[in-house]
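What follows is coords39.cif (mmCIF, C-alpha atoms and all ligand atoms).
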data_work
loop_
_atom_site.group_PDB
_atom_site.id
_atom_site.type_symbol
_atom_site.label_atom_id
_atom_site.label_comp_id
_atom_site.auth_asym_id
_atom_site.auth_seq_id
_atom_site.Cartn_x
_atom_site.Cartn_y
_atom_site.Cartn_z
ATOM 1 C CA MET T 1 21.425 -5.155 -4.323
ATOM 2 C CA ILE T 2 17.856 -5.592 -3.055
ATOM 3 C CA THR T 3 17.333 -7.807 -0.027
ATOM 4 C CA ALA T 4 14.124 -9.493 0.987
ATOM 5 C CA ARG T 5 12.873 -12.245 3.240
ATOM 6 C CA THR T 6 10.193 -14.872 2.641
ATOM 7 C CA LYS T 7 8.369 -16.853 5.294
ATOM 8 C CA SER T 8 7.201 -19.947 3.402
ATOM 9 C CA PRO T 9 7.442 -21.683 0.020
ATOM 10 C CA ASP T 10 4.241 -19.955 -1.104
ATOM 11 C CA ASP T 11 5.660 -16.632 0.019
ATOM 12 C CA THR T 12 8.708 -17.271 -2.184
ATOM 13 C CA ARG T 13 6.359 -18.158 -5.070
ATOM 14 C CA GLU T 14 4.543 -14.852 -4.579
ATOM 15 C CA LEU T 15 7.796 -12.904 -4.473
ATOM 16 C CA ALA T 16 8.911 -14.628 -7.676
ATOM 17 C CA GLY T 17 5.556 -13.772 -9.242
ATOM 18 C CA ALA T 18 6.040 -10.110 -8.379
ATOM 19 C CA MET T 19 9.400 -10.225 -10.161
ATOM 20 C CA ALA T 20 7.935 -12.030 -13.172
ATOM 21 C CA GLY T 21 5.563 -9.103 -13.575
ATOM 22 C CA LEU T 22 8.591 -7.064 -14.640
ATOM 23 C CA ALA T 23 10.059 -9.699 -16.955
ATOM 24 C CA ARG T 24 9.936 -9.640 -20.721
ATOM 25 C CA ALA T 25 11.145 -11.784 -23.583
ATOM 26 C CA GLY T 26 14.917 -11.891 -23.762
ATOM 27 C CA ASP T 27 15.456 -11.738 -19.998
ATOM 28 C CA VAL T 28 17.724 -14.079 -18.071
ATOM 29 C CA VAL T 29 17.331 -14.763 -14.341
ATOM 30 C CA LEU T 30 20.090 -16.756 -12.649
ATOM 31 C CA LEU T 31 19.143 -18.507 -9.413
ATOM 32 C CA ALA T 32 21.868 -19.108 -6.847
ATOM 33 C CA GLY T 33 21.657 -21.001 -3.574
ATOM 34 C CA GLU T 34 22.435 -24.366 -2.020
ATOM 35 C CA LEU T 35 20.533 -27.627 -2.549
ATOM 36 C CA GLY T 36 17.010 -27.139 -1.260
ATOM 37 C CA ALA T 37 17.314 -23.377 -0.890
ATOM 38 C CA GLY T 38 14.180 -22.815 -2.962
ATOM 39 C CA LYS T 39 15.330 -22.253 -6.546
ATOM 40 C CA THR T 40 12.698 -24.548 -8.059
ATOM 41 C CA VAL T 41 10.037 -23.081 -5.778
ATOM 42 C CA PHE T 42 11.029 -19.645 -7.089
ATOM 43 C CA ALA T 43 10.817 -20.867 -10.698
ATOM 44 C CA GLN T 44 7.310 -22.225 -9.997
ATOM 45 C CA GLY T 45 6.035 -18.854 -8.786
ATOM 46 C CA PHE T 46 7.783 -17.060 -11.613
ATOM 47 C CA GLY T 47 6.277 -19.363 -14.229
ATOM 48 C CA ARG T 48 2.797 -19.215 -12.748
ATOM 49 C CA ALA T 49 2.895 -15.427 -13.038
ATOM 50 C CA LEU T 50 3.885 -15.781 -16.702
ATOM 51 C CA GLY T 51 0.612 -17.651 -17.198
ATOM 52 C CA ILE T 52 2.038 -21.155 -17.233
ATOM 53 C CA GLU T 53 -0.548 -23.626 -15.999
ATOM 54 C CA GLU T 54 1.493 -26.795 -16.328
ATOM 55 C CA PRO T 55 3.231 -27.823 -13.085
ATOM 56 C CA ILE T 56 6.858 -26.691 -13.107
ATOM 57 C CA THR T 57 9.130 -29.395 -11.764
ATOM 58 C CA SER T 58 12.855 -29.665 -11.225
ATOM 59 C CA PRO T 59 14.601 -29.891 -14.604
ATOM 60 C CA SER T 60 17.582 -31.691 -13.040
ATOM 61 C CA PHE T 61 17.602 -34.667 -15.363
ATOM 62 C CA THR T 62 16.436 -32.946 -18.520
ATOM 63 C CA LEU T 63 18.578 -29.818 -17.958
ATOM 64 C CA VAL T 64 16.156 -27.585 -19.858
ATOM 65 C CA ARG T 65 12.375 -27.505 -20.013
ATOM 66 C CA ILE T 66 10.376 -25.059 -22.078
ATOM 67 C CA TYR T 67 6.870 -24.024 -21.034
ATOM 68 C CA PRO T 68 4.417 -22.004 -23.114
ATOM 69 C CA GLY T 69 2.941 -18.979 -21.322
ATOM 70 C CA ARG T 70 2.280 -15.260 -21.802
ATOM 71 C CA VAL T 71 6.026 -15.308 -22.343
ATOM 72 C CA ARG T 72 7.681 -18.670 -22.928
ATOM 73 C CA LEU T 73 9.707 -19.901 -19.942
ATOM 74 C CA VAL T 74 13.018 -21.683 -20.411
ATOM 75 C CA HIS T 75 13.716 -23.402 -17.084
ATOM 76 C CA ALA T 76 17.217 -24.845 -16.791
ATOM 77 C CA ASP T 77 19.232 -26.546 -14.062
ATOM 78 C CA VAL T 78 22.943 -26.735 -14.750
ATOM 79 C CA TYR T 79 23.909 -28.510 -11.521
ATOM 80 C CA ARG T 80 24.987 -31.683 -13.290
ATOM 81 C CA LEU T 81 27.118 -30.015 -15.927
ATOM 82 C CA ASP T 82 30.847 -30.478 -15.415
ATOM 83 C CA HIS T 83 32.160 -28.023 -17.971
ATOM 84 C CA LEU T 84 31.199 -24.485 -18.844
ATOM 85 C CA GLN T 85 31.211 -25.537 -22.499
ATOM 86 C CA GLU T 86 28.162 -27.667 -21.729
ATOM 87 C CA VAL T 87 26.382 -24.524 -20.527
ATOM 88 C CA VAL T 88 27.342 -22.804 -23.767
ATOM 89 C CA ASP T 89 25.939 -25.815 -25.652
ATOM 90 C CA LEU T 90 22.524 -25.318 -24.038
ATOM 91 C CA ALA T 91 22.287 -22.159 -26.197
ATOM 92 C CA LEU T 92 20.291 -20.249 -23.580
ATOM 93 C CA PRO T 93 20.934 -16.824 -25.184
ATOM 94 C CA GLU T 94 19.599 -18.149 -28.485
ATOM 95 C CA LEU T 95 16.521 -19.567 -26.754
ATOM 96 C CA VAL T 96 15.697 -16.248 -25.058
ATOM 97 C CA ASP T 97 16.308 -14.369 -28.307
ATOM 98 C CA GLU T 98 13.447 -16.384 -29.728
ATOM 99 C CA GLY T 99 11.029 -14.721 -27.325
ATOM 100 C CA ALA T 100 11.472 -16.469 -24.006
ATOM 101 C CA VAL T 101 12.596 -15.702 -20.461
ATOM 102 C CA ALA T 102 15.249 -18.006 -19.011
ATOM 103 C CA VAL T 103 15.362 -18.991 -15.342
ATOM 104 C CA VAL T 104 18.538 -20.951 -14.592
ATOM 105 C CA GLU T 105 19.128 -22.897 -11.377
ATOM 106 C CA TRP T 106 22.769 -22.868 -10.233
ATOM 107 C CA GLY T 107 23.011 -19.902 -12.574
ATOM 108 C CA ASP T 108 25.927 -18.385 -10.643
ATOM 109 C CA VAL T 109 27.985 -21.392 -11.749
ATOM 110 C CA ALA T 110 26.882 -20.854 -15.348
ATOM 111 C CA ALA T 111 27.394 -17.083 -15.328
ATOM 112 C CA PRO T 112 30.913 -17.140 -16.845
ATOM 113 C CA ALA T 113 29.496 -18.952 -19.889
ATOM 114 C CA LEU T 114 26.614 -16.519 -20.402
ATOM 115 C CA PRO T 115 26.377 -12.904 -21.571
ATOM 116 C CA ALA T 116 26.860 -10.458 -18.668
ATOM 117 C CA ASP T 117 23.285 -9.223 -18.758
ATOM 118 C CA TYR T 118 21.062 -10.940 -16.222
ATOM 119 C CA LEU T 119 19.388 -10.732 -12.851
ATOM 120 C CA GLU T 120 20.909 -12.821 -10.082
ATOM 121 C CA VAL T 121 18.599 -14.030 -7.340
ATOM 122 C CA ARG T 122 20.290 -15.692 -4.374
ATOM 123 C CA LEU T 123 18.296 -17.746 -1.858
ATOM 124 C CA GLU T 124 19.749 -18.481 1.557
ATOM 125 C CA TRP T 125 18.576 -20.003 4.795
ATOM 126 C CA SER T 126 17.510 -17.626 7.488
ATOM 127 C CA GLU T 127 16.769 -17.978 11.212
ATOM 128 C CA ALA T 128 13.548 -19.981 10.925
ATOM 129 C CA GLU T 129 13.311 -23.227 8.952
ATOM 130 C CA ASP T 130 10.747 -21.920 6.466
ATOM 131 C CA GLU T 131 12.358 -18.530 6.079
ATOM 132 C CA ARG T 132 14.698 -17.552 3.264
ATOM 133 C CA ARG T 133 16.788 -14.480 2.619
ATOM 134 C CA VAL T 134 16.544 -13.404 -0.991
ATOM 135 C CA SER T 135 19.085 -11.044 -2.516
ATOM 136 C CA VAL T 136 18.530 -9.661 -5.968
ATOM 137 C CA GLY T 137 21.179 -7.941 -8.048
ATOM 138 C CA ALA T 138 21.224 -6.761 -11.649
ATOM 139 C CA VAL T 139 24.278 -7.422 -13.812
ATOM 140 C CA GLY T 140 24.281 -5.515 -17.101
ATOM 141 C CA PRO T 141 21.829 -3.073 -18.647
ATOM 142 C CA ALA T 142 18.629 -5.107 -19.079
ATOM 143 C CA TRP T 143 17.791 -5.458 -15.407
ATOM 144 C CA SER T 144 19.765 -2.464 -14.105
ATOM 145 C CA ALA T 145 17.215 -0.254 -15.838
ATOM 146 C CA ARG T 146 14.478 -1.958 -13.782
ATOM 147 C CA GLN T 147 16.233 -1.790 -10.419
ATOM 148 C CA GLY T 148 13.804 0.834 -9.077
ATOM 149 C CA ALA T 149 10.751 -1.058 -10.262
ATOM 150 C CA LEU T 150 12.123 -4.250 -8.744
ATOM 151 C CA ALA T 151 12.704 -2.591 -5.383
ATOM 152 C CA ALA T 152 9.139 -1.299 -5.447
ATOM 153 C CA ALA T 153 7.726 -4.706 -6.434
ATOM 154 C CA LEU T 154 9.636 -6.397 -3.605
ATOM 155 C CA GLY T 155 8.887 -3.765 -0.961
ATOM 156 C CA ARG T 156 6.404 -6.067 0.713
ATOM 157 C CA TRP T 157 9.189 -8.560 1.431
ATOM 158 C CA GLY T 158 11.691 -5.977 2.616
ATOM 159 C CA ARG T 159 13.840 -7.269 5.442
ATOM 160 C CA ASP T 160 12.299 -4.995 7.970
ATOM 161 C CA ALA T 161 8.770 -5.064 6.573
ATOM 162 C CA GLY T 162 5.816 -6.655 8.325
ATOM 163 C CA PRO T 163 5.598 -8.651 11.549
HETATM 164 N N1 LIG I 1 10.655 -19.688 2.345
HETATM 165 C C1 LIG I 1 10.851 -20.752 1.545
HETATM 166 N N2 LIG I 1 11.040 -20.569 0.214
HETATM 167 C C2 LIG I 1 11.260 -21.628 -0.593
HETATM 168 N N3 LIG I 1 11.295 -22.913 -0.207
HETATM 169 C C3 LIG I 1 11.105 -23.145 1.102
HETATM 170 C C4 LIG I 1 10.875 -22.093 2.026
HETATM 171 N N4 LIG I 1 10.720 -22.649 3.255
HETATM 172 C C5 LIG I 1 10.848 -23.961 3.105
HETATM 173 N N5 LIG I 1 11.069 -24.299 1.824
HETATM 174 C C6 LIG I 1 11.257 -25.679 1.337
HETATM 175 O O1 LIG I 1 12.577 -25.777 0.821
HETATM 176 C C7 LIG I 1 12.588 -26.655 -0.293
HETATM 177 C C8 LIG I 1 13.093 -25.937 -1.523
HETATM 178 O O2 LIG I 1 13.219 -26.883 -2.534
HETATM 179 P P1 LIG I 1 13.602 -26.546 -4.018
HETATM 180 O O3 LIG I 1 13.456 -27.791 -4.787
HETATM 181 O O4 LIG I 1 12.892 -25.335 -4.491
HETATM 182 O O5 LIG I 1 15.159 -26.171 -3.827
HETATM 183 P P2 LIG I 1 16.235 -25.975 -4.954
HETATM 184 O O6 LIG I 1 17.028 -24.775 -4.551
HETATM 185 O O7 LIG I 1 15.606 -25.965 -6.292
HETATM 186 O O8 LIG I 1 17.159 -27.263 -4.793
HETATM 187 P P3 LIG I 1 18.049 -28.030 -5.889
HETATM 188 O O9 LIG I 1 19.388 -27.371 -5.845
HETATM 189 O O10 LIG I 1 18.089 -29.427 -5.395
HETATM 190 O O11 LIG I 1 17.394 -27.882 -7.230
HETATM 191 C C9 LIG I 1 11.167 -27.157 -0.484
HETATM 192 O O12 LIG I 1 11.032 -28.377 0.192
HETATM 193 C C10 LIG I 1 10.349 -26.080 0.188
HETATM 194 O O13 LIG I 1 9.120 -26.574 0.680
HETATM 195 MG MG MG I 2 15.818 -27.116 -7.983
#

File written out as structure tokens:
Amino acid sequence: MITARTKSPDDTRELAGAMAGLARAGDVVLLAGELGAGKTVFAQGFGRALGIEEPITSPSFTLVRIYPGRVRLVHADVYRLDHLQEVVDLALPELVDEGAVAVVEWGDVAAPALPADYLEVRLEWSEAEDERRVSVGAVGPAWSARQGALAAALGRWGRDAGP
């Protein structure tokens, strides 16, 4: 588990961008955290770093949005789904197999319906209003192999780093 801390929405976008630099087609990133924790903000920074120029907005009502970039981004929000079968029906593994990276808000809820090979990013409130704790953990081989690279990429946001 890698832990980090961000100081503003833009800081979270930058952290997400640093992680996107390690992402490749077929990857799944599950975002966990309460309402307003910063999951969509994270997805924005992640997508920007994949070369997506279009504004990335909350997919709450559409469930899944697909953006063309250096790697295609599948941005999903499963908050409104009542049954895990509905997550299965979104066919996220099939979408990433076709050359995309999936970023899924409320992904921890969806995890039981998805293959056990993803990166979980959890955003939580911290002491200050604009601060968030970010914990990053690999589940399965795809991201476990990049654990060291991830830790290096996130070093700047290490809990004890900087003023
Ligand atoms: N360090 C930070 N990182 C991210 N967002 C922050 C931070 N500090 C403050 N914020 C604010 O918190 C809010 C995060 O909203 P966002 O829509 O990303 O949350 P969310 O987790 O996607 O919520 P939802 O579950 O409703 O989709 C924004 O208003 C953002 O400006
Ligand atoms: Mg959101």

Which residues sit within 7 Å of ligand LIG 1 (chain I), counting all atoms listed in the file, listed as number ranges by chain? T: 6-12, 33-42, 58, 60, 105, 129-132

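Interatomic distance, atom CA of Ala111 of chain T against atom CA of Met19 of chain T: 19.9 Å.
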
For ligand MG 2 (chain I), which residue out of T:Trp143, T:Trp157, T:Tyr67, T:Phe61 is the nearest one, using all atoms listed in the file?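 Checking each candidate against ligand MG 2 (chain I), we get T:Phe61 as the closest.
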
Selection dump of the PyMOL selection byres (((chain T and resi 69) around 7) and not hetatm), as an NGL selection string: :T and (50-52 or 67-68 or 70-73)

Those residues with C-alpha atoms, as a PDB file, in the frame of the given file please?
ATOM      1  CA  LEU T  50       3.885 -15.781 -16.702  1.00  0.00           C
ATOM      2  CA  GLY T  51       0.612 -17.651 -17.198  1.00  0.00           C
ATOM      3  CA  ILE T  52       2.038 -21.155 -17.233  1.00  0.00           C
ATOM      4  CA  TYR T  67       6.870 -24.024 -21.034  1.00  0.00           C
ATOM      5  CA  PRO T  68       4.417 -22.004 -23.114  1.00  0.00           C
ATOM      6  CA  ARG T  70       2.280 -15.260 -21.802  1.00  0.00           C
ATOM      7  CA  VAL T  71       6.026 -15.308 -22.343  1.00  0.00           C
ATOM      8  CA  ARG T  72       7.681 -18.670 -22.928  1.00  0.00           C
ATOM      9  CA  LEU T  73       9.707 -19.901 -19.942  1.00  0.00           C
TER      10      LEU T  73
END

Between T:Val64, T:Gln85, T:Asp97, T:Trp106, which has the minimum distance to ligand MG 2 (chain I) (counting all atoms listed in the file)? T:Trp106

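Using only C-alpha atoms and all ligand atoms, the nearest neighbour of ligand MG 2 (chain I) within the list T:Val78, T:Leu95, T:Leu150, T:Val139 is T:Val78.
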
Point-to-point distance in Å for atom CA of Glu120 of chain T and atom CA of Gly158 of chain T: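 Here the two named atoms are 17.1 Å from each other.
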
Excluding Ala76 of chain T and residues on its chain fewer than 6 positions from it, collect all residues at most 7 Å away from it, counting all atoms listed in the file, and give them as number ranges by chain. T: 59, 63-65, 103-105

Give me, please, the distance in Å between atom CA of Ala138 of chain T and atom CA of Ala151 of chain T, quoted to one decimal.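 Interatomic distance here is 11.4 Å.
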
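Residues matched by the PyMOL selection byres (((chain T and resi 45) around 7) and not hetatm) in this structure: Arg13, Glu14, Ala16, Gly17, Val41, Phe42, Ala43, Gln44, Phe46, Gly47, Arg48 and Ala49 of chain T.
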
Counting only C-alpha atoms, the option among T:Ala113, T:Met1, T:Ala100, T:Val74 closest to Val88 of chain T: T:Ala113

Using all atoms listed in the file, find the one residue out of T:Leu15, T:Ile56, T:Val136, T:Leu81 that sits nearest to Val109 of chain T. T:Leu81

Pro115 of chain T surroundings by only C-alpha atoms, 12 Å radius, close-in-sequence under 6 positions cut, as an MDAnalysis selection string: chainID T and resid 26:30 87:88 91:94 96 107 139:142

Could you turn the residues from that selection into a file that holds C-alpha atoms, as a tab-separated table (two decimals), in the coordinates of the input?
chain	number	residue	atom	x	y	z
T	26	GLY	CA	14.92	-11.89	-23.76
T	27	ASP	CA	15.46	-11.74	-20.00
T	28	VAL	CA	17.72	-14.08	-18.07
T	29	VAL	CA	17.33	-14.76	-14.34
T	30	LEU	CA	20.09	-16.76	-12.65
T	87	VAL	CA	26.38	-24.52	-20.53
T	88	VAL	CA	27.34	-22.80	-23.77
T	91	ALA	CA	22.29	-22.16	-26.20
T	92	LEU	CA	20.29	-20.25	-23.58
T	93	PRO	CA	20.93	-16.82	-25.18
T	94	GLU	CA	19.60	-18.15	-28.48
T	96	VAL	CA	15.70	-16.25	-25.06
T	107	GLY	CA	23.01	-19.90	-12.57
T	139	VAL	CA	24.28	-7.42	-13.81
T	140	GLY	CA	24.28	-5.52	-17.10
T	141	PRO	CA	21.83	-3.07	-18.65
T	142	ALA	CA	18.63	-5.11	-19.08

With 5 Å of padding per side, what axis-aligned box (centre and edge lengths, Å, one decimal) covers all the listed atoms of segment 70-74 of chain T? Give it as lines of an AutoDock Vina configuration file.
center_x = 7.6
center_y = -18.5
center_z = -21.4
size_x = 20.7
size_y = 16.4
size_z = 13.0
